[in-house]
Amino acid sequence: MKRALPILGNIAVLLAGLAILFGLPAFAETYVIINATIFASFAILALSLALIWGYAGILSFGQAAFFGLGGYTYAVAAINFGDTTGAAALAIALPALFAALLGYFMFWGRISDVYLGVITLTVSLILYRFVNQTAGEEWNIGEAPLGGFNGIPGTPILTWPGRPGEQLAPENIFSLAVGLLILVYFGCKALLATRFGRIVVAIRENETRVALLGYDTRLYKLAIFVVGGALGGLSGLMFANSVFVSPTMFSLPVSGQIIIWVIIGGLGTLIGPVVGCILMQILTNWLGTLNQVPGFGWVDPNLVLGVILVVFVLVVPKGLTALVTDAWRWIVTHLSPREREVAPPVEPDRAYPSPSLSPLPRGEGHERRATAESAS
Amino acid sequence: MDYAAILALQISSAVASLVLISLGLAVIFGMMRVINLAHGEFLMLGGYAAITAYNNGVNLWLAMLLVAPLTVGLFGIVVERLIIRHLYGRMIDTMLATWGLSLAMIGFVTVVFGNTVSGISAPLGSLTIGAYRTGAYELFLIVVALVLLAAGWLVLRYTRLGLIARGTMQNAAMASALGVSPSLVYAVTFGVGAALTGLVGGLLAPLSGVVPTIGAAYIAKAFITVISGGAAILSGTAIASGLLGTINTAMTFAFTPVLGEVALLVAAVILLRILPQGITGRFFQRSL
């Protein structure tokens, strides 16, 4: 029964995803469809960080760099090629390449996780400032003007492969985005179940031990970081197709949002960040509409996001997923007498049932590393 | 000759500004191993404090040199009591919490002051070197950077306060066993770091003006400088600022300001690839 839980969870997620994929276009207006497409592209972004931070322990403060790079690569390539299929492939390949380059410097330099966060943050900030000033003729790449602060408003929409000129309708883009989200979600699950995934999680738990067992941990970290970069690029590609590309894609608030999604949803899970992302997007959209109501002008999305982040870090560091599972466990153990007898406080097979249900033992690994660092 | 002089002045000015914007961060990071991601917003707050005080009739120098550091220093102590001290030893969580703080501060200041540039004109007029002109205020900032470094060194090296600070930095448990309260030391340190940051924020306000989001312009440079500098607070910051500031200015002169910043970043990343512990992790290890 307990072993069946992860499988049931997967089926539930799949059904929910499919229900949205096929159900929403049936009755929702175009406005809602486009919004949902944006949510789906953000959710892929959330998964990219959930994978590399939650499972590999690599805190990237600059996941927005890959997001923006993916979007811009797609826009520039699509304008120049005319055909969007190759551009879409490039939009995934280039961020992955960039992640490989950046990762090489960081992992081969054996930079600790804190410095790593700062470097990724700096990289995305610099990219932001660079793209922001690319207004003018000298910054045209081929036929594509980078457009500086304004971005590229005429970002081409994906066309059907092999049929240039036939653009996908918003409904098709929506189906593609949600389909990709489902694919990426289960792809991450599958990746983590492989030998490679297990080693990556082991590195998160104790890098030295894994290295002593003979694995080149740098290589594994680099590989998962590159996967994260590619996913970031993919989400940028989908975002470019639902809105358009602009330098804000690289900006600090975007990087911050991704981290907030993961923290709120639950670090070390895949479903948590997706849920966190959608909840936060709904919240910020709602705050945006609230701002237009007179008397509510003091509500600033940044203020709310910031306060939420601080409160979660201080009070609910494990995120909503852990909160819900804890609550569920409490209900189960207190309401069913049979379960109470069999359920000791820490059940051996519950402690590490599957990657999806084991929240990162927060603090422990980091703390040990932090104290080691401060002692040195 | 004039050109060389002005170039030297520009480089010193860039180095001084790096020293200024990273000093408060270096104090907090070096002493407490706390990465304060709200550092840029502390600078922003200092700027707003100075400008608000000046607009309310306070003397400009008083506003920049007294009101700004006091405001931000007090704010820093409150933040330390409310947020930071619950998270000691958890570097990642501290980073996240201070990032949340930075977002909240941006939001709050936007609500209060609006998303517009406020500014004051730079005092001290300008200075002519041959065919070139430069602001005397920039020279003043170079002097301030030197004074702050010297004062920091004197305090850490020769006063009882500095001794306690260095002791706690090296071994908090031992300092605690000898009767020093690390909690108090940390609170004071955070307050001093915040006050320094506020002072610099006030001093930079006439040069750059302030917007709620101005922190982002400083934070990357400040972090890169502190991390490249390594463990030693003063010498690390000074050396890293010297190196990165020179690269930045040289590339800015040769190409564009943005390429100057990109070069600064690339240089720092390569530096960290070679010296993961920063410059003072390998050289000048015993310096302050």
# chains A, B, ... in the order shown; residues from 1 in each chain; ligands from 1

$ closest_atom_pairs --of "chain B" --to "chain A" --cutoff "6 Å" --atoms "only C-alpha atoms" --output "CSV"
residue,atom,partner,partner_atom,distance
B:Gly89,CA,A:Glu367,CA,6.0
B:Arg90,CA,A:Glu367,CA,5.5
B:Ala97,CA,A:Val310,CA,4.7
B:Gly100,CA,A:Gly306,CA,3.9
B:Leu101,CA,A:Gly306,CA,5.7
B:Leu103,CA,A:Gly306,CA,4.7
B:Ala104,CA,A:Leu303,CA,3.9
B:Gly107,CA,A:Leu303,CA,4.1
B:Phe108,CA,A:Leu303,CA,5.8
B:Val111,CA,A:Trp298,CA,5.6
B:Ala220,CA,A:Thr122,CA,5.0
B:Arg273,CA,A:Gly109,CA,4.3
B:Pro276,CA,A:Ile111,CA,5.8

$ write_last_selection --atoms "C-alpha atoms" --output "mmCIF file, in the first residue's frame"
data_model
loop_
_atom_site.group_PDB
_atom_site.id
_atom_site.type_symbol
_atom_site.label_atom_id
_atom_site.label_comp_id
_atom_site.auth_asym_id
_atom_site.auth_seq_id
_atom_site.Cartn_x
_atom_site.Cartn_y
_atom_site.Cartn_z
ATOM 1 C CA GLY B 89 25.434 28.676 10.204
ATOM 2 C CA ARG B 90 22.903 28.225 7.410
ATOM 3 C CA ALA B 97 16.143 35.393 3.533
ATOM 4 C CA GLY B 100 13.560 38.194 0.297
ATOM 5 C CA LEU B 101 14.452 41.228 2.376
ATOM 6 C CA LEU B 103 12.768 42.333 -2.708
ATOM 7 C CA ALA B 104 10.630 43.571 0.166
ATOM 8 C CA GLY B 107 8.779 47.022 -2.988
ATOM 9 C CA PHE B 108 8.445 49.121 0.132
ATOM 10 C CA VAL B 111 5.484 52.326 -2.548
ATOM 11 C CA ALA B 220 27.056 42.161 -8.611
ATOM 12 C CA ARG B 273 38.865 29.325 -11.162
ATOM 13 C CA PRO B 276 38.841 29.454 -5.343
#

$ residues_around --residues "Tyr218 in chain B" --least-positions-apart "4" --cutoff "10 Å" --atoms "only C-alpha atoms" --output "ChimeraX atom specification"
/B:17-18,21-22,39-41,43-44,214,222-223

$ write_last_selection --atoms "N, CA and C atoms" --output "short mmCIF file (atom, residue, chain, number, x, y, z; two decimals), in the first residue's frame"
data_model
loop_
_atom_site.label_atom_id
_atom_site.label_comp_id
_atom_site.auth_asym_id
_atom_site.auth_seq_id
_atom_site.Cartn_x
_atom_site.Cartn_y
_atom_site.Cartn_z
N SER B 17 35.57 53.38 -5.91
CA SER B 17 34.13 53.11 -5.84
C SER B 17 33.89 51.63 -5.56
N LEU B 18 34.74 50.75 -6.10
CA LEU B 18 34.60 49.33 -5.77
C LEU B 18 34.85 49.10 -4.29
N ILE B 21 31.73 50.40 -2.35
CA ILE B 21 30.48 49.64 -2.39
C ILE B 21 30.65 48.25 -1.79
N SER B 22 31.89 47.74 -1.70
CA SER B 22 31.99 46.39 -1.15
C SER B 22 32.42 46.32 0.30
N HIS B 39 22.42 43.77 0.33
CA HIS B 39 23.45 44.81 0.40
C HIS B 39 23.14 45.99 -0.52
N GLY B 40 22.77 45.68 -1.76
CA GLY B 40 22.46 46.74 -2.71
C GLY B 40 21.32 47.62 -2.20
N GLU B 41 20.36 46.99 -1.52
CA GLU B 41 19.22 47.76 -1.02
C GLU B 41 19.61 48.57 0.21
N LEU B 43 22.48 50.03 0.39
CA LEU B 43 23.05 51.22 -0.27
C LEU B 43 21.92 52.16 -0.71
N MET B 44 20.90 51.56 -1.31
CA MET B 44 19.77 52.35 -1.79
C MET B 44 19.11 53.10 -0.63
N ILE B 214 18.08 50.57 -7.64
CA ILE B 214 19.48 50.86 -7.94
C ILE B 214 20.41 49.81 -7.33
N ALA B 222 29.85 44.38 -6.07
CA ALA B 222 30.25 44.26 -4.68
C ALA B 222 30.57 42.81 -4.34
N PHE B 223 29.69 41.90 -4.77
CA PHE B 223 29.91 40.49 -4.45
C PHE B 223 31.16 39.95 -5.09
#

$ select_by_dssp --residues "range 48-284 of chain A" --states "alpha helix (DSSP H)" --output "ChimeraX atom specification"
/A:48-49,63-81,84-108,113-132,170-193,195-205,207-212,217-242,252-265,271-284

$ atom_distance --atom1 "CA of Gly228 in chain A" --atom2 "CA of Leu49 in chain A"
6.6 Å

$ residues_around --residues "Val184 in chain A" --least-positions-apart "5" --cutoff "9 Å" --atoms "only C-alpha atoms" --output "list in words"
Ile44, Leu47, Gly179, Lys189 and Leu231 of chain A

$ residues_around --residues "range 199-201 of chain A" --least-positions-apart "2" --cutoff "9 Å" --atoms "only C-alpha atoms" --output "list of chain:residue names"
A:Gly54, A:Tyr55, A:Ala56, A:Gly57, A:Leu192, A:Thr194, A:Arg195, A:Phe196, A:Gly197, A:Ile203, A:Arg204, A:Glu205, A:Asn206, A:Val210, A:Tyr215, A:Thr217, A:Tyr220, A:Lys221, A:Ile224, A:Pro355

$ closest_residue --among "A:Asn10, A:Thr84, A:Thr155, A:Asn241" --to "Ala40 in chain A" --atoms "only C-alpha atoms"
A:Asn241

$ atom_distance --atom1 "CA of Ile11 in chain A" --atom2 "CA of Cys188 in chain A"
15.3 Å
